[in-house]
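Trainee: File target-v2.cif follows (mmCIF, C-alpha atoms):
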```
data_model
loop_
_atom_site.label_atom_id
_atom_site.label_comp_id
_atom_site.auth_asym_id
_atom_site.auth_seq_id
_atom_site.Cartn_x
_atom_site.Cartn_y
_atom_site.Cartn_z
CA MET A 28 105.08 104.14 93.39
CA CYS A 29 102.67 101.94 91.42
CA THR A 30 102.53 101.86 87.62
CA ARG A 31 99.12 103.54 87.53
CA ALA A 32 100.30 106.43 89.69
CA VAL A 33 103.56 107.13 87.84
CA SER A 34 101.83 106.81 84.46
CA GLY A 35 99.24 109.38 85.47
CA LEU A 36 101.88 111.66 86.98
CA ALA A 37 103.89 111.48 83.77
CA HIS A 38 101.03 113.10 81.84
CA TYR A 39 100.90 116.06 84.25
CA LEU A 40 104.69 116.56 84.18
CA GLU A 41 104.78 116.44 80.38
CA ARG A 42 102.09 119.13 80.20
CA GLU A 43 104.44 121.33 82.22
CA GLY A 44 107.23 120.73 79.73
CA LEU A 45 109.20 118.10 81.69
CA PRO A 46 110.04 114.97 79.64
CA THR A 47 109.34 111.71 81.46
CA THR A 48 110.04 108.01 81.17
CA VAL A 49 108.39 105.28 83.23
CA ILE A 50 109.57 101.82 84.29
CA ALA A 51 106.35 99.81 84.35
CA LEU A 52 106.16 96.67 86.47
CA ILE A 53 102.52 96.04 85.52
CA ARG A 54 102.34 96.30 81.74
CA PRO A 55 98.50 96.35 81.42
CA HIS A 56 98.35 99.45 83.61
CA ALA A 57 100.84 101.28 81.41
CA ALA A 58 98.98 100.15 78.28
CA GLN A 59 95.74 101.49 79.72
CA LEU A 60 97.04 104.88 80.93
CA ARG A 61 99.45 105.36 78.00
CA PRO A 62 102.21 107.49 79.56
CA PRO A 63 104.35 109.38 77.02
CA ARG A 64 107.22 106.87 77.38
CA ALA A 65 107.32 103.60 79.31
CA LEU A 66 109.58 100.58 79.56
CA ALA A 67 107.66 97.46 80.61
CA VAL A 68 109.86 95.12 82.63
CA PRO A 69 109.11 91.45 83.48
CA PHE A 70 110.30 91.71 87.08
CA GLU A 71 108.57 91.11 90.38
CA LEU A 72 106.88 93.99 92.19
CA GLY A 73 109.28 96.12 94.19
CA ARG A 74 112.26 95.42 91.92
CA PRO A 75 111.98 97.74 88.91
CA PHE A 76 115.65 97.16 88.01
CA GLY A 77 115.56 93.36 88.34
CA ALA A 78 117.77 91.33 90.64
CA PRO A 79 119.65 92.79 93.62
CA GLU A 80 123.45 92.98 93.57
CA ALA A 81 123.52 92.90 89.77
CA PRO A 82 124.76 96.41 88.91
CA ASP A 83 125.52 95.72 85.24
CA PHE A 84 122.04 94.38 84.63
CA GLN A 85 120.44 97.24 86.57
CA ARG A 86 122.44 99.75 84.54
CA ARG A 87 121.11 98.20 81.32
CA VAL A 88 117.53 98.63 82.53
CA LEU A 89 118.14 102.23 83.55
CA LEU A 90 119.87 103.17 80.30
CA GLU A 91 117.11 101.60 78.19
CA ALA A 92 114.48 103.55 80.13
CA LEU A 93 116.45 106.79 79.76
CA SER A 94 116.99 106.19 76.03
CA LEU A 95 113.24 106.59 75.53
CA LEU A 96 113.66 110.29 76.38
CA GLU A 97 115.18 110.72 72.93
CA ARG A 98 111.82 109.89 71.35
CA THR A 99 108.95 112.30 70.84
CA ASP A 100 106.54 110.00 69.01
CA GLY A 101 104.70 108.83 72.13
CA PRO A 102 102.86 107.33 73.74
CA ILE A 103 105.57 104.66 73.64
CA LEU A 104 105.47 101.29 75.41
CA VAL A 105 108.62 99.22 74.94
CA ASP A 106 109.20 95.76 76.41
CA PHE A 107 112.48 94.96 78.14
CA ALA A 108 113.42 91.60 76.68
CA ASP A 109 115.55 89.93 79.33
CA ALA A 110 114.72 88.29 82.65
CA PRO A 111 116.87 89.22 85.66
CA PRO A 112 120.03 87.13 86.20
CA GLU A 113 119.91 83.96 88.25
CA PRO A 114 120.59 84.30 92.00
CA GLY A 115 124.23 84.42 93.03
CA SER A 116 126.38 81.60 94.34
CA GLY A 117 125.62 82.56 97.93
CA LEU A 118 122.33 80.71 97.58
CA ALA A 119 124.09 77.37 97.63
CA SER A 120 124.20 77.55 101.42
CA TRP A 121 120.40 77.45 101.65
CA SER A 122 118.49 74.20 101.71
CA ALA A 123 114.72 73.86 101.68
CA PRO A 124 113.28 72.61 104.98
CA ILE A 125 110.85 70.35 103.07
CA GLU A 126 111.41 68.85 99.63
CA ALA A 127 108.73 67.55 97.28
CA GLU A 128 109.76 63.93 97.68
CA GLU A 129 109.37 64.16 101.45
CA ILE A 130 105.64 64.84 101.06
CA ALA A 131 104.99 62.51 98.15
CA GLY A 132 101.60 60.85 98.06
CA ASP A 133 98.16 61.07 96.50
CA PHE A 134 96.55 64.20 97.92
CA SER A 135 93.86 64.69 95.28
CA ASP A 136 91.16 64.07 97.94
CA PRO A 137 90.50 67.45 99.65
CA ARG A 138 90.18 65.86 103.11
CA VAL A 139 93.45 63.99 102.75
CA ARG A 140 95.11 67.13 101.39
CA THR A 141 93.87 69.25 104.30
CA ASP A 142 95.23 66.80 106.87
CA ALA A 143 98.53 66.57 104.98
CA ILE A 144 98.98 70.34 104.93
CA LYS A 145 98.36 70.51 108.67
CA SER A 146 101.01 67.81 109.14
CA GLU A 147 103.35 69.81 106.90
CA ILE A 148 102.80 72.85 109.13
CA THR A 149 103.57 70.78 112.22
CA ALA A 150 106.85 69.66 110.62
CA LEU A 151 107.79 73.27 109.82
CA ARG A 152 106.82 74.79 113.15
CA PRO A 153 110.23 74.26 114.83
CA MET A 154 111.93 76.13 111.95
CA ARG A 155 109.39 78.92 112.13
CA ASP A 156 109.86 79.21 115.89
CA GLN A 157 113.61 79.35 115.33
CA PHE A 158 113.13 82.25 112.90
CA VAL A 159 111.01 84.15 115.43
CA LEU A 160 113.66 83.58 118.09
CA GLU A 161 116.38 84.81 115.71
CA HIS A 162 114.38 88.02 115.18
CA GLY A 163 113.79 88.96 118.78
CA GLY A 164 110.39 87.34 119.05
CA ARG A 165 108.89 89.28 116.15
CA GLN A 166 106.33 87.48 114.03
CA PHE A 167 105.66 88.54 110.46
CA ASP A 168 102.24 87.02 110.08
CA ARG A 169 99.05 87.21 112.14
CA ILE A 170 97.16 89.52 109.80
CA THR A 171 94.09 87.52 110.80
CA PRO A 172 93.02 86.21 114.24
CA LEU A 173 92.78 82.70 112.76
CA THR A 174 94.95 79.75 113.71
CA LEU A 175 96.79 77.97 110.91
CA ASP A 176 94.37 75.04 111.12
CA GLN A 177 91.47 77.47 110.74
CA ILE A 178 93.24 79.12 107.79
CA ILE A 179 93.63 75.79 106.00
CA ASP A 180 89.98 74.94 106.67
CA LEU A 181 88.89 78.37 105.40
CA ILE A 182 90.89 78.21 102.17
CA GLN A 183 89.93 74.62 101.43
CA GLY A 184 86.31 75.36 102.36
CA PHE A 185 86.23 78.40 100.09
CA ILE A 186 87.58 76.37 97.18
CA LEU A 187 84.73 73.89 97.63
CA ASP A 188 82.04 76.48 98.43
CA PRO A 189 82.68 80.22 97.74
CA SER A 190 79.59 81.12 99.81
CA ILE A 191 80.94 79.81 103.13
CA GLU A 192 80.61 81.90 106.29
CA ASN A 193 83.06 84.79 106.55
CA PRO A 194 85.05 84.65 109.83
CA MET A 195 85.98 88.35 109.42
CA PRO A 196 82.67 89.98 108.39
CA ALA A 197 84.17 93.49 108.43
CA PHE A 198 85.82 92.54 105.12
CA ALA A 199 84.58 91.05 101.88
CA LEU A 200 84.98 87.27 101.93
CA ARG A 201 87.56 87.30 99.12
CA GLN A 202 89.64 89.79 101.14
CA THR A 203 89.39 87.63 104.24
CA VAL A 204 90.62 84.66 102.21
CA LYS A 205 93.46 86.80 100.84
CA PHE A 206 94.51 87.83 104.38
CA ALA A 207 94.41 84.18 105.44
CA THR A 208 96.52 83.21 102.44
CA ASP A 209 99.08 85.88 103.35
CA ASP A 210 99.30 84.55 106.91
CA LEU A 211 99.86 81.05 105.56
CA LYS A 212 102.60 82.16 103.17
CA HIS A 213 104.32 84.24 105.84
CA PHE A 214 104.47 81.24 108.19
CA TYR A 215 106.14 79.16 105.48
CA TYR A 216 108.54 81.94 104.49
CA GLN A 217 109.65 82.39 108.08
CA ALA A 218 110.25 78.64 108.37
CA GLY A 219 112.20 78.68 105.11
CA LEU A 220 114.36 81.58 106.27
CA ALA A 221 115.29 80.10 109.65
CA GLY A 222 119.07 79.96 109.77
CA ALA A 223 119.11 80.57 106.02
CA GLY A 224 122.08 81.60 103.97
CA ARG A 225 121.72 84.21 101.29
CA ILE A 226 118.46 83.66 99.39
CA THR A 227 116.18 85.77 97.21
CA ASP A 228 112.43 86.01 97.55
CA ILE A 229 112.07 84.40 94.12
CA GLU A 230 113.90 81.30 95.39
CA LEU A 231 111.68 81.29 98.46
CA ASP A 232 108.56 81.54 96.26
CA ASN A 233 109.90 78.75 94.04
CA TRP A 234 110.11 76.53 97.10
CA PHE A 235 106.71 77.50 98.49
CA PHE A 236 104.72 77.22 95.26
CA GLY A 237 106.73 74.36 93.77
CA ASN A 238 107.58 72.14 96.74
CA THR A 239 104.92 72.45 99.42
CA LEU A 240 101.34 71.32 99.76
CA ALA A 241 100.36 74.73 101.11
CA GLY A 242 101.73 76.37 97.96
CA ASP A 243 99.71 73.93 95.88
CA LEU A 244 96.62 74.87 97.92
CA VAL A 245 97.11 78.54 97.06
CA LEU A 246 97.41 77.61 93.38
CA ARG A 247 94.13 75.68 93.71
CA LEU A 248 92.57 78.74 95.33
CA LYS A 249 93.68 80.93 92.42
CA ALA A 250 92.27 78.43 89.93
CA GLY A 251 88.96 78.52 91.80
CA PHE A 252 88.85 82.32 91.67
CA LEU A 253 89.65 82.27 87.95
CA SER A 254 86.77 79.90 87.24
CA SER A 255 84.27 82.23 88.94
CA SER A 256 81.54 83.91 86.91
CA ASP A 257 82.26 87.09 88.89
CA ALA A 258 84.62 89.34 86.91
CA GLU A 259 85.92 91.00 90.09
CA MET A 260 86.83 87.60 91.55
CA ARG A 261 88.75 86.68 88.40
CA LEU A 262 90.60 90.00 88.41
CA PHE A 263 91.37 89.54 92.11
CA ALA A 264 92.89 86.12 91.38
CA GLU A 265 95.05 87.44 88.56
CA ARG A 266 96.51 90.26 90.63
CA SER A 267 96.46 89.34 94.29
CA LEU A 268 97.11 85.70 95.11
CA VAL A 269 100.23 84.51 93.31
CA PRO A 270 103.34 86.57 92.36
CA SER A 271 103.72 87.23 88.64
CA HIS A 272 106.92 85.16 88.50
CA GLN A 273 104.93 82.13 89.73
CA ALA A 274 102.00 82.66 87.37
CA HIS A 275 103.16 79.77 85.17
CA ARG A 276 102.43 77.23 87.91
CA VAL A 277 99.23 75.20 88.03
CA PRO A 278 97.88 72.91 90.77
CA ARG A 279 99.14 69.35 90.73
CA ALA A 280 96.58 66.62 90.11
CA ASN A 281 98.19 64.82 93.06
CA TRP A 282 101.58 64.58 94.71
CA ALA A 283 102.37 60.98 93.82
CA VAL A 284 105.89 60.49 92.46
#
```
Just give me the structure of the file as structure tokens.
Mentor:
Amino acid sequence: MCTRAVSGLAHYLEREGLPTTVIALIRPHAAQLRPPRALAVPFELGRPFGAPEAPDFQRRVLLEALSLLERTDGPILVDFADAPPEPGSGLASWSAPIEAEEIAGDFSDPRVRTDAIKSEITALRPMRDQFVLEHGGRQFDRITPLTLDQIIDLIQGFILDPSIENPMPAFALRQTVKFATDDLKHFYYQAGLAGAGRITDIELDNWFFGNTLAGDLVLRLKAGFLSSSDAEMRLFAERSLVPSHQAHRVPRANWAV
């Protein structure tokens, strides 16, 4: 359940005499709704106790959240200080299908960058097809009816001109671009997971946003949203395009090494 929902629910339960404590994955929501007790954690969405297969760390998070029940001076919002532990040794068996040095070059020109991303997709397609085969033919993208080439053109076109034609007029243009971005990421994630050893989604995101041209394109898209004069567009960029654990990344000026 999202931070807004559990924070609101906590108020109702407290009014009925039931003490509550909340683990908040989105700190600003907890700060706004001010539940009686909340522990703000710096983890990715969907993992309120941090990393998987780390029982000692998860126990620490749980005990700190429960310890807030001893306090009656709320509303309380406490920050959990530690990041989740690094992925386990099983990750050593995974290797990225494309490394940064393999795609080195000056891609600061949008036209050159667009062609390079399409070439990157072509290089990854055999791995993605392998993943689909390994999963009984199931694909985990295709939110939009667009081809990957059309998705790249849409995202790059939107960065250059936010008033471009919307290929899915039933949705707001920013939502169409978000759907297209999700399709693009899902293609890359499937390629990265083909025949993979044990790997976490954070490692997969590190590869996508840190070592691929498509990841750099999404970072450029976020930067474009953030520079908009439209407050809703800026809020959309902050919350919807890039995972919180990748928020420190910025677009590269080019990919020359």
Trainee: For atom CA of A:Asn193 and atom CA of A:Phe167, determine how far apart the two atoms are, in Å to one decimal place.
Mentor: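 Atom CA of A:Asn193 sits 23.2 Å away from atom CA of A:Phe167.
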Trainee: Could you give me, as a ChimeraX atom specification, the residues that sit within 10 Å of (91.0, 73.8, 107.2) in the file's coordinates, counting only C-alpha atoms?
Mentor: /A:137-138,140-142,144-145,174-185
Trainee: Report as number ranges by chain the residues that result from applying the PyMOL selection byres ((chain A and resi 53-67) around 8) to the structure here.
Mentor: A: 30-31, 34-35, 37-38, 41, 47-52, 68-69, 91-92, 95-96, 101-107
Trainee: With all atoms listed in the file as the basis for distance, which of A:Leu187, A:Ala207, A:Val277, A:Met195 is at the shortest distance from A:Asp136?
Mentor: A:Leu187
Trainee: Give me, as a PyMOL selection string, all polymer residues having an atom no more than 12 Å from A:Ala110, counting all atoms listed in the file and skipping those fewer than 3 positions away in the same chain.
Mentor: chain A and resi 67-71+74-78+84-85+87-88+106-107+113-114+272
Trainee: Using only C-alpha atoms, which of A:Ala264, A:Ala199, A:Arg276, A:Gly219 sits nearest A:Phe236?
Mentor: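 Closest to A:Phe236, using only C-alpha atoms: A:Arg276.
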Trainee: Any idea what the distance is between atom CA of A:Tyr216 and atom CA of A:Gly132?
Mentor: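 Calculated distance between atom CA of A:Tyr216 and atom CA of A:Gly132 is 23.1 Å.
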Trainee: Report, in Å to a single decimal, how far apart atom CA of A:Asp168 and atom CA of A:His213 are.
Mentor: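 Rounded to one decimal, the two atoms are 5.5 Å apart.
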Trainee: Pick from A:Glu97, A:Phe252, A:Cys29, A:Gly242: nearest to A:Asp188, with only C-alpha atoms counted?
Mentor: A:Phe252
